[in-house]
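Raw run_29.cif, mmCIF, C-alpha atoms:
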data_model
loop_
_atom_site.group_PDB
_atom_site.id
_atom_site.type_symbol
_atom_site.label_atom_id
_atom_site.label_comp_id
_atom_site.auth_asym_id
_atom_site.auth_seq_id
_atom_site.Cartn_x
_atom_site.Cartn_y
_atom_site.Cartn_z
ATOM 1 C CA MET Z 1 5.406 -10.181 0.864
ATOM 2 C CA PRO Z 2 4.023 -12.859 3.207
ATOM 3 C CA SER Z 3 6.546 -14.473 5.541
ATOM 4 C CA ASP Z 4 6.774 -16.828 8.483
ATOM 5 C CA ASP Z 5 5.426 -14.658 11.279
ATOM 6 C CA ARG Z 6 7.692 -16.234 13.898
ATOM 7 C CA ARG Z 7 10.776 -14.877 12.119
ATOM 8 C CA LEU Z 8 9.444 -11.346 12.446
ATOM 9 C CA GLN Z 9 8.502 -11.307 16.116
ATOM 10 C CA PRO Z 10 10.713 -9.301 18.493
ATOM 11 C CA ARG Z 11 12.236 -11.670 21.025
ATOM 12 C CA ARG Z 12 12.127 -9.427 24.056
ATOM 13 C CA LYS Z 13 9.694 -6.720 25.112
ATOM 14 C CA PRO Z 14 11.532 -4.228 27.318
ATOM 15 C CA ARG Z 15 10.120 -3.875 30.828
ATOM 16 C CA GLN Z 16 12.746 -1.527 32.221
ATOM 17 C CA VAL Z 17 13.864 1.913 31.070
ATOM 18 C CA ARG Z 18 17.385 0.722 30.330
ATOM 19 C CA ALA Z 19 16.150 -2.129 28.167
ATOM 20 C CA GLU Z 20 13.783 0.194 26.296
ATOM 21 C CA LEU Z 21 16.640 2.628 25.625
ATOM 22 C CA THR Z 22 18.761 -0.224 24.255
ATOM 23 C CA ARG Z 23 15.947 -1.298 21.958
ATOM 24 C CA GLU Z 24 15.503 2.293 20.771
ATOM 25 C CA ARG Z 25 19.230 2.553 20.029
ATOM 26 C CA ILE Z 26 19.061 -0.620 17.954
ATOM 27 C CA LEU Z 27 16.106 0.640 15.921
ATOM 28 C CA THR Z 28 17.669 4.075 15.401
ATOM 29 C CA ALA Z 29 20.936 2.478 14.340
ATOM 30 C CA ALA Z 30 19.109 0.127 11.966
ATOM 31 C CA ALA Z 31 17.348 3.045 10.260
ATOM 32 C CA HIS Z 32 20.727 4.712 9.620
ATOM 33 C CA VAL Z 33 22.408 1.496 8.496
ATOM 34 C CA PHE Z 34 19.623 0.532 6.072
ATOM 35 C CA ALA Z 35 19.589 4.058 4.620
ATOM 36 C CA GLU Z 36 23.385 4.140 4.271
ATOM 37 C CA TYR Z 37 24.166 0.615 3.051
ATOM 38 C CA GLY Z 38 20.847 -0.613 1.657
ATOM 39 C CA TYR Z 39 18.956 -3.592 2.985
ATOM 40 C CA ALA Z 40 21.138 -6.384 1.588
ATOM 41 C CA ALA Z 41 24.338 -4.929 3.063
ATOM 42 C CA GLY Z 42 22.639 -3.630 6.201
ATOM 43 C CA THR Z 43 23.675 -6.588 8.329
ATOM 44 C CA THR Z 44 22.892 -7.178 11.974
ATOM 45 C CA ASN Z 45 26.613 -6.836 12.695
ATOM 46 C CA ARG Z 46 26.613 -3.338 11.237
ATOM 47 C CA ILE Z 47 23.452 -2.471 13.168
ATOM 48 C CA ALA Z 48 24.960 -3.706 16.432
ATOM 49 C CA GLU Z 49 28.186 -1.797 15.772
ATOM 50 C CA ARG Z 50 26.279 1.424 15.016
ATOM 51 C CA ALA Z 51 24.113 0.954 18.129
ATOM 52 C CA ARG Z 52 27.227 0.193 20.229
ATOM 53 C CA VAL Z 53 25.821 -3.068 21.531
ATOM 54 C CA SER Z 54 27.059 -6.622 21.154
ATOM 55 C CA ILE Z 55 25.533 -8.799 18.465
ATOM 56 C CA GLY Z 56 24.274 -11.024 21.285
ATOM 57 C CA SER Z 57 22.441 -8.078 22.831
ATOM 58 C CA LEU Z 58 20.805 -7.283 19.494
ATOM 59 C CA TYR Z 59 19.595 -10.874 19.170
ATOM 60 C CA GLN Z 60 18.016 -10.649 22.608
ATOM 61 C CA TYR Z 61 15.584 -8.150 21.100
ATOM 62 C CA PHE Z 62 15.320 -9.172 17.431
ATOM 63 C CA PRO Z 63 15.962 -12.590 15.834
ATOM 64 C CA ASN Z 64 17.133 -11.105 12.504
ATOM 65 C CA LYS Z 65 17.163 -7.927 10.435
ATOM 66 C CA ASP Z 66 13.769 -8.778 8.901
ATOM 67 C CA ALA Z 67 12.240 -8.386 12.350
ATOM 68 C CA VAL Z 68 14.084 -5.079 12.844
ATOM 69 C CA LEU Z 69 12.779 -3.715 9.536
ATOM 70 C CA ALA Z 70 9.241 -4.914 10.275
ATOM 71 C CA GLU Z 71 9.357 -3.086 13.617
ATOM 72 C CA LEU Z 72 10.596 0.098 11.918
ATOM 73 C CA LEU Z 73 7.633 -0.073 9.543
ATOM 74 C CA VAL Z 74 5.187 -0.683 12.413
ATOM 75 C CA ARG Z 75 6.517 2.429 14.156
ATOM 76 C CA HIS Z 76 6.416 4.453 10.931
ATOM 77 C CA ILE Z 77 2.755 3.605 10.366
ATOM 78 C CA ASP Z 78 1.786 4.130 14.005
ATOM 79 C CA ARG Z 79 3.160 7.682 13.863
ATOM 80 C CA GLY Z 80 0.942 8.459 10.879
ATOM 81 C CA ALA Z 81 -2.154 9.856 12.587
ATOM 82 C CA TRP Z 82 -3.493 13.141 11.196
ATOM 83 C CA THR Z 83 -2.394 15.176 14.209
ATOM 84 C CA TRP Z 84 -3.983 18.496 13.151
ATOM 85 C CA ALA Z 85 -7.412 17.141 12.240
ATOM 86 C CA ASP Z 86 -9.081 18.618 15.332
ATOM 87 C CA ARG Z 87 -7.638 22.118 14.750
ATOM 88 C CA LEU Z 88 -8.874 22.749 11.221
ATOM 89 C CA ASP Z 89 -10.994 25.678 10.126
ATOM 90 C CA LEU Z 90 -14.135 24.021 8.750
ATOM 91 C CA SER Z 91 -15.971 27.183 7.759
ATOM 92 C CA ALA Z 92 -17.486 27.650 4.294
ATOM 93 C CA GLY Z 93 -14.856 28.362 1.662
ATOM 94 C CA SER Z 94 -12.048 26.584 3.505
ATOM 95 C CA LEU Z 95 -12.228 23.194 1.764
ATOM 96 C CA GLU Z 96 -9.061 23.632 -0.266
ATOM 97 C CA ALA Z 97 -7.112 24.598 2.854
ATOM 98 C CA THR Z 98 -8.548 21.570 4.669
ATOM 99 C CA VAL Z 99 -7.478 19.210 1.895
ATOM 100 C CA ARG Z 100 -4.052 20.848 1.726
ATOM 101 C CA ALA Z 101 -3.578 20.226 5.456
ATOM 102 C CA LEU Z 102 -4.346 16.528 4.921
ATOM 103 C CA VAL Z 103 -2.001 16.196 1.944
ATOM 104 C CA ARG Z 104 0.806 18.174 3.557
ATOM 105 C CA ASP Z 105 0.572 16.065 6.718
ATOM 106 C CA ALA Z 106 1.037 12.913 4.620
ATOM 107 C CA ILE Z 107 3.979 14.396 2.708
ATOM 108 C CA ASP Z 108 5.692 15.685 5.851
ATOM 109 C CA HIS Z 109 5.322 12.289 7.477
ATOM 110 C CA HIS Z 110 7.120 10.585 4.582
ATOM 111 C CA SER Z 111 9.804 13.143 3.729
ATOM 112 C CA ASP Z 112 12.427 12.517 6.425
ATOM 113 C CA ASP Z 113 14.377 9.707 4.761
ATOM 114 C CA PRO Z 114 13.269 8.703 1.244
ATOM 115 C CA GLN Z 115 15.826 5.901 0.969
ATOM 116 C CA LEU Z 116 14.694 4.244 4.197
ATOM 117 C CA LEU Z 117 11.057 4.657 3.136
ATOM 118 C CA ARG Z 118 11.838 2.929 -0.163
ATOM 119 C CA ILE Z 119 13.571 0.068 1.653
ATOM 120 C CA MET Z 120 10.609 -0.355 4.017
ATOM 121 C CA ILE Z 121 8.188 -0.465 1.080
ATOM 122 C CA GLU Z 122 10.245 -2.851 -1.035
ATOM 123 C CA GLU Z 123 11.828 -5.155 1.529
ATOM 124 C CA ALA Z 124 9.645 -5.394 4.638
ATOM 125 C CA SER Z 125 8.018 -8.755 5.325
ATOM 126 C CA PHE Z 126 4.463 -8.625 6.594
ATOM 127 C CA SER Z 127 4.217 -9.965 10.122
ATOM 128 C CA GLN Z 128 0.832 -10.222 11.808
ATOM 129 C CA ALA Z 129 1.773 -7.247 13.989
ATOM 130 C CA LEU Z 130 2.488 -5.217 10.858
ATOM 131 C CA LEU Z 131 -0.755 -6.265 9.183
ATOM 132 C CA ASP Z 132 -2.675 -5.392 12.356
ATOM 133 C CA THR Z 133 -0.963 -1.990 12.487
ATOM 134 C CA ILE Z 134 -1.773 -1.252 8.844
ATOM 135 C CA ASP Z 135 -5.410 -2.188 9.434
ATOM 136 C CA ARG Z 136 -5.647 -0.116 12.620
ATOM 137 C CA HIS Z 137 -3.986 2.888 11.034
ATOM 138 C CA GLY Z 138 -6.240 2.664 7.970
ATOM 139 C CA ARG Z 139 -9.399 2.548 10.057
ATOM 140 C CA ASN Z 140 -8.256 5.428 12.257
ATOM 141 C CA ARG Z 141 -7.211 7.568 9.322
ATOM 142 C CA VAL Z 142 -10.416 6.938 7.386
ATOM 143 C CA GLY Z 143 -12.427 7.725 10.517
ATOM 144 C CA GLN Z 144 -10.619 11.041 10.994
ATOM 145 C CA VAL Z 145 -11.139 12.064 7.377
ATOM 146 C CA ARG Z 146 -14.794 10.980 7.399
ATOM 147 C CA ASP Z 147 -15.473 13.056 10.532
ATOM 148 C CA VAL Z 148 -13.883 16.140 8.952
ATOM 149 C CA LEU Z 149 -15.866 15.692 5.724
ATOM 150 C CA ALA Z 150 -19.095 15.257 7.660
ATOM 151 C CA ARG Z 151 -18.600 18.627 9.356
ATOM 152 C CA HIS Z 152 -17.469 20.614 6.335
ATOM 153 C CA PRO Z 153 -20.220 22.624 4.557
ATOM 154 C CA ASP Z 154 -18.426 22.547 1.182
ATOM 155 C CA VAL Z 155 -18.369 18.761 0.858
ATOM 156 C CA HIS Z 156 -20.869 17.264 -1.590
ATOM 157 C CA VAL Z 157 -20.375 13.524 -2.086
ATOM 158 C CA ARG Z 158 -22.849 10.665 -2.254
ATOM 159 C CA ASP Z 159 -21.273 8.498 0.450
ATOM 160 C CA LEU Z 160 -18.968 9.905 3.131
ATOM 161 C CA GLU Z 161 -17.486 6.554 4.163
ATOM 162 C CA THR Z 162 -16.559 5.630 0.602
ATOM 163 C CA ALA Z 163 -15.245 9.127 -0.080
ATOM 164 C CA ALA Z 164 -13.027 9.011 3.012
ATOM 165 C CA GLU Z 165 -11.605 5.626 2.044
ATOM 166 C CA LEU Z 166 -10.905 6.761 -1.516
ATOM 167 C CA ILE Z 167 -9.183 9.938 -0.350
ATOM 168 C CA VAL Z 168 -6.999 8.182 2.218
ATOM 169 C CA PHE Z 169 -6.011 5.503 -0.284
ATOM 170 C CA THR Z 170 -5.277 8.041 -3.030
ATOM 171 C CA VAL Z 171 -3.267 10.430 -0.875
ATOM 172 C CA GLU Z 172 -1.247 7.800 0.979
ATOM 173 C CA LEU Z 173 -0.515 5.537 -1.986
ATOM 174 C CA ASN Z 174 0.721 8.404 -4.140
ATOM 175 C CA THR Z 175 2.639 10.004 -1.285
ATOM 176 C CA HIS Z 176 4.419 6.732 -0.505
ATOM 177 C CA LYS Z 177 5.305 6.195 -4.158
ATOM 178 C CA VAL Z 178 6.577 9.694 -4.871
ATOM 179 C CA MET Z 179 8.365 10.359 -1.578
ATOM 180 C CA ALA Z 180 10.210 7.051 -1.859
ATOM 181 C CA ASP Z 181 11.672 8.446 -5.102
ATOM 182 C CA PRO Z 182 11.472 12.251 -4.813
ATOM 183 C CA ARG Z 183 13.331 12.636 -8.113
ATOM 184 C CA SER Z 184 10.213 11.532 -9.995
ATOM 185 C CA ILE Z 185 7.896 14.400 -8.981
ATOM 186 C CA PRO Z 186 8.797 17.383 -6.763
ATOM 187 C CA ALA Z 187 6.954 17.351 -3.429
ATOM 188 C CA GLU Z 188 5.388 20.755 -4.149
ATOM 189 C CA THR Z 189 3.981 19.515 -7.463
ATOM 190 C CA LEU Z 190 2.634 16.364 -5.808
ATOM 191 C CA GLU Z 191 0.963 18.452 -3.109
ATOM 192 C CA ASN Z 192 -0.686 20.891 -5.523
ATOM 193 C CA GLU Z 193 -1.981 18.220 -7.890
ATOM 194 C CA LEU Z 194 -3.387 16.057 -5.092
ATOM 195 C CA VAL Z 195 -5.046 19.093 -3.481
ATOM 196 C CA ASP Z 196 -6.663 20.130 -6.770
ATOM 197 C CA MET Z 197 -7.891 16.617 -7.542
ATOM 198 C CA VAL Z 198 -9.318 15.861 -4.103
ATOM 199 C CA THR Z 199 -10.880 19.312 -3.657
ATOM 200 C CA ARG Z 200 -12.741 19.112 -6.969
ATOM 201 C CA TYR Z 201 -14.005 15.641 -6.106
ATOM 202 C CA LEU Z 202 -15.279 16.711 -2.693
ATOM 203 C CA ARG Z 203 -17.032 19.763 -4.113
ATOM 204 C CA GLY Z 204 -18.936 17.487 -6.469
ATOM 205 C CA GLU Z 205 -17.490 19.159 -9.573
ATOM 206 C CA ARG Z 206 -18.058 17.209 -12.751
#
What's the structure tokens form of this structure?
Amino acid sequence: MPSDDRRLQPRRKPRQVRAELTRERILTAAAHVFAEYGYAAGTTNRIAERARVSIGSLYQYFPNKDAVLAELLVRHIDRGAWTWADRLDLSAGSLEATVRALVRDAIDHHSDDPQLLRIMIEEASFSQALLDTIDRHGRNRVGQVRDVLARHPDVHVRDLETAAELIVFTVELNTHKVMADPRSIPAETLENELVDMVTRYLRGER
């Protein structure tokens, strides 16, 4: 949901190793606190206590817990590059394996802490930094997928750019939704169904 961007801006950008380590401890503590207590009860006091810093030290880096959560989401999205895209086998007959690698990468990236993922999806306010990160990640991800499709001999679609955007949107939206509530659909079922759907589409099957 839109929010006053000033409330979501970190107050201090660490310039020294010690300051960066303190900031990392705060973010790590916040992830545990939000997952354990939920967002409403995940107060800055609890975050500071878990991080073993004073509440004043926490406020030197973040003005409130909204800013902490927004930063956690920025970091989550920034870590979402398709890291194995340049190591894929793109020979004829390997399309299903290629799609499975894409889907599995998305699932693995979102499987560490479903409760925290759900909190980030439901509660995070959208700062300009977060919106910029989402846009950058989307463009990078679509570019990676488009480049893979362009080099794969089994792909038969009318427009590679549109196909890449549709695939990224479909895989990531469904992965976010299901992994935030893994009780709804088992991860293995999600993976198999997404792989079948995307593979058939890319092969041009009607």
Pick from Z:Ala85, Z:Ile26, Z:Gln128, Z:Ala97, whichever lies nearest to Ser54 of chain Z using all atoms listed in the file: Z:Ile26
Test item: which residues lie within 10 Å of (6.1, -2.3, 12.6) counting only C-alpha atoms, as a PyMOL selection string: chain Z and resi 8-9+67-78+120+124-134
Selection result for the PyMOL selection byres ((chain Z and resi 84) around 12) on this file, as a PyMOL selection string: chain Z and resi 80-83+85-89+98-106+144-145+148
Could you list, as a PDB file with C-alpha atoms, keeping the file's coordinate frame, every residue matched by the PyMOL selection byres ((chain Z and resi 29-43) around 12) in this structure?
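Output file out10.pdb follows:
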ATOM      1  CA  THR Z  22      18.761  -0.224  24.255  1.00  0.00           C
ATOM      2  CA  ARG Z  23      15.947  -1.298  21.958  1.00  0.00           C
ATOM      3  CA  GLU Z  24      15.503   2.293  20.771  1.00  0.00           C
ATOM      4  CA  ARG Z  25      19.230   2.553  20.029  1.00  0.00           C
ATOM      5  CA  ILE Z  26      19.061  -0.620  17.954  1.00  0.00           C
ATOM      6  CA  LEU Z  27      16.106   0.640  15.921  1.00  0.00           C
ATOM      7  CA  THR Z  28      17.669   4.075  15.401  1.00  0.00           C
ATOM      8  CA  THR Z  44      22.892  -7.178  11.974  1.00  0.00           C
ATOM      9  CA  ASN Z  45      26.613  -6.836  12.695  1.00  0.00           C
ATOM     10  CA  ARG Z  46      26.613  -3.338  11.237  1.00  0.00           C
ATOM     11  CA  ILE Z  47      23.452  -2.471  13.168  1.00  0.00           C
ATOM     12  CA  ALA Z  48      24.960  -3.706  16.432  1.00  0.00           C
ATOM     13  CA  GLU Z  49      28.186  -1.797  15.772  1.00  0.00           C
ATOM     14  CA  ARG Z  50      26.279   1.424  15.016  1.00  0.00           C
ATOM     15  CA  ALA Z  51      24.113   0.954  18.129  1.00  0.00           C
ATOM     16  CA  ARG Z  52      27.227   0.193  20.229  1.00  0.00           C
ATOM     17  CA  VAL Z  53      25.821  -3.068  21.531  1.00  0.00           C
ATOM     18  CA  ILE Z  55      25.533  -8.799  18.465  1.00  0.00           C
ATOM     19  CA  LEU Z  58      20.805  -7.283  19.494  1.00  0.00           C
ATOM     20  CA  PHE Z  62      15.320  -9.172  17.431  1.00  0.00           C
ATOM     21  CA  ASN Z  64      17.133 -11.105  12.504  1.00  0.00           C
ATOM     22  CA  LYS Z  65      17.163  -7.927  10.435  1.00  0.00           C
ATOM     23  CA  ASP Z  66      13.769  -8.778   8.901  1.00  0.00           C
ATOM     24  CA  ALA Z  67      12.240  -8.386  12.350  1.00  0.00           C
ATOM     25  CA  VAL Z  68      14.084  -5.079  12.844  1.00  0.00           C
ATOM     26  CA  LEU Z  69      12.779  -3.715   9.536  1.00  0.00           C
ATOM     27  CA  ALA Z  70       9.241  -4.914  10.275  1.00  0.00           C
ATOM     28  CA  GLU Z  71       9.357  -3.086  13.617  1.00  0.00           C
ATOM     29  CA  LEU Z  72      10.596   0.098  11.918  1.00  0.00           C
ATOM     30  CA  LEU Z  73       7.633  -0.073   9.543  1.00  0.00           C
ATOM     31  CA  ARG Z  75       6.517   2.429  14.156  1.00  0.00           C
ATOM     32  CA  HIS Z  76       6.416   4.453  10.931  1.00  0.00           C
ATOM     33  CA  ASP Z 112      12.427  12.517   6.425  1.00  0.00           C
ATOM     34  CA  ASP Z 113      14.377   9.707   4.761  1.00  0.00           C
ATOM     35  CA  PRO Z 114      13.269   8.703   1.244  1.00  0.00           C
ATOM     36  CA  GLN Z 115      15.826   5.901   0.969  1.00  0.00           C
ATOM     37  CA  LEU Z 116      14.694   4.244   4.197  1.00  0.00           C
ATOM     38  CA  LEU Z 117      11.057   4.657   3.136  1.00  0.00           C
ATOM     39  CA  ARG Z 118      11.838   2.929  -0.163  1.00  0.00           C
ATOM     40  CA  ILE Z 119      13.571   0.068   1.653  1.00  0.00           C
ATOM     41  CA  MET Z 120      10.609  -0.355   4.017  1.00  0.00           C
ATOM     42  CA  ILE Z 121       8.188  -0.465   1.080  1.00  0.00           C
ATOM     43  CA  GLU Z 122      10.245  -2.851  -1.035  1.00  0.00           C
ATOM     44  CA  GLU Z 123      11.828  -5.155   1.529  1.00  0.00           C
ATOM     45  CA  ALA Z 124       9.645  -5.394   4.638  1.00  0.00           C
ATOM     46  CA  ALA Z 180      10.210   7.051  -1.859  1.00  0.00           C
TER      47      ALA Z 180
END
Answer key for the PyMOL selection byres ((chain Z and resi 163-179) around 9), residues as number ranges by chain: Z: 102-103, 106-107, 110-111, 113-114, 117-118, 121, 138-139, 141-147, 149, 157-162, 180-187, 190-191, 194, 198, 201-202
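With only C-alpha atoms as the atoms that count, the minimum distance from Val195 of chain Z to the choices Z:Asp154, Z:Leu95, Z:Arg136, Z:His109 is reached by Z:Leu95.
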Adding 5 Å on each side of the box along x, y and z that holds all listed atoms of segment 130-144 of chain Z, could you give its centre and edge lengths in Å to one decimal, as lines of an AutoDock Vina configuration file?
center_x = -5.0
center_y = 2.4
center_z = 10.0
size_x = 24.9
size_y = 27.3
size_z = 15.2
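Taking atom CA of Arg18 of chain Z and atom CA of Tyr59 of chain Z as the two end points, the separation is 16.2 Å.
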Atom CA of Arg203 of chain Z to atom CA of Leu90 of chain Z, straight-line distance in Å: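 Separation of atom CA of Leu90 of chain Z and atom CA of Arg203 of chain Z: 13.9 Å.
Across the structure, atom CA of Gln60 of chain Z and atom CA of Gln16 of chain Z are spaced 14.3 Å apart.
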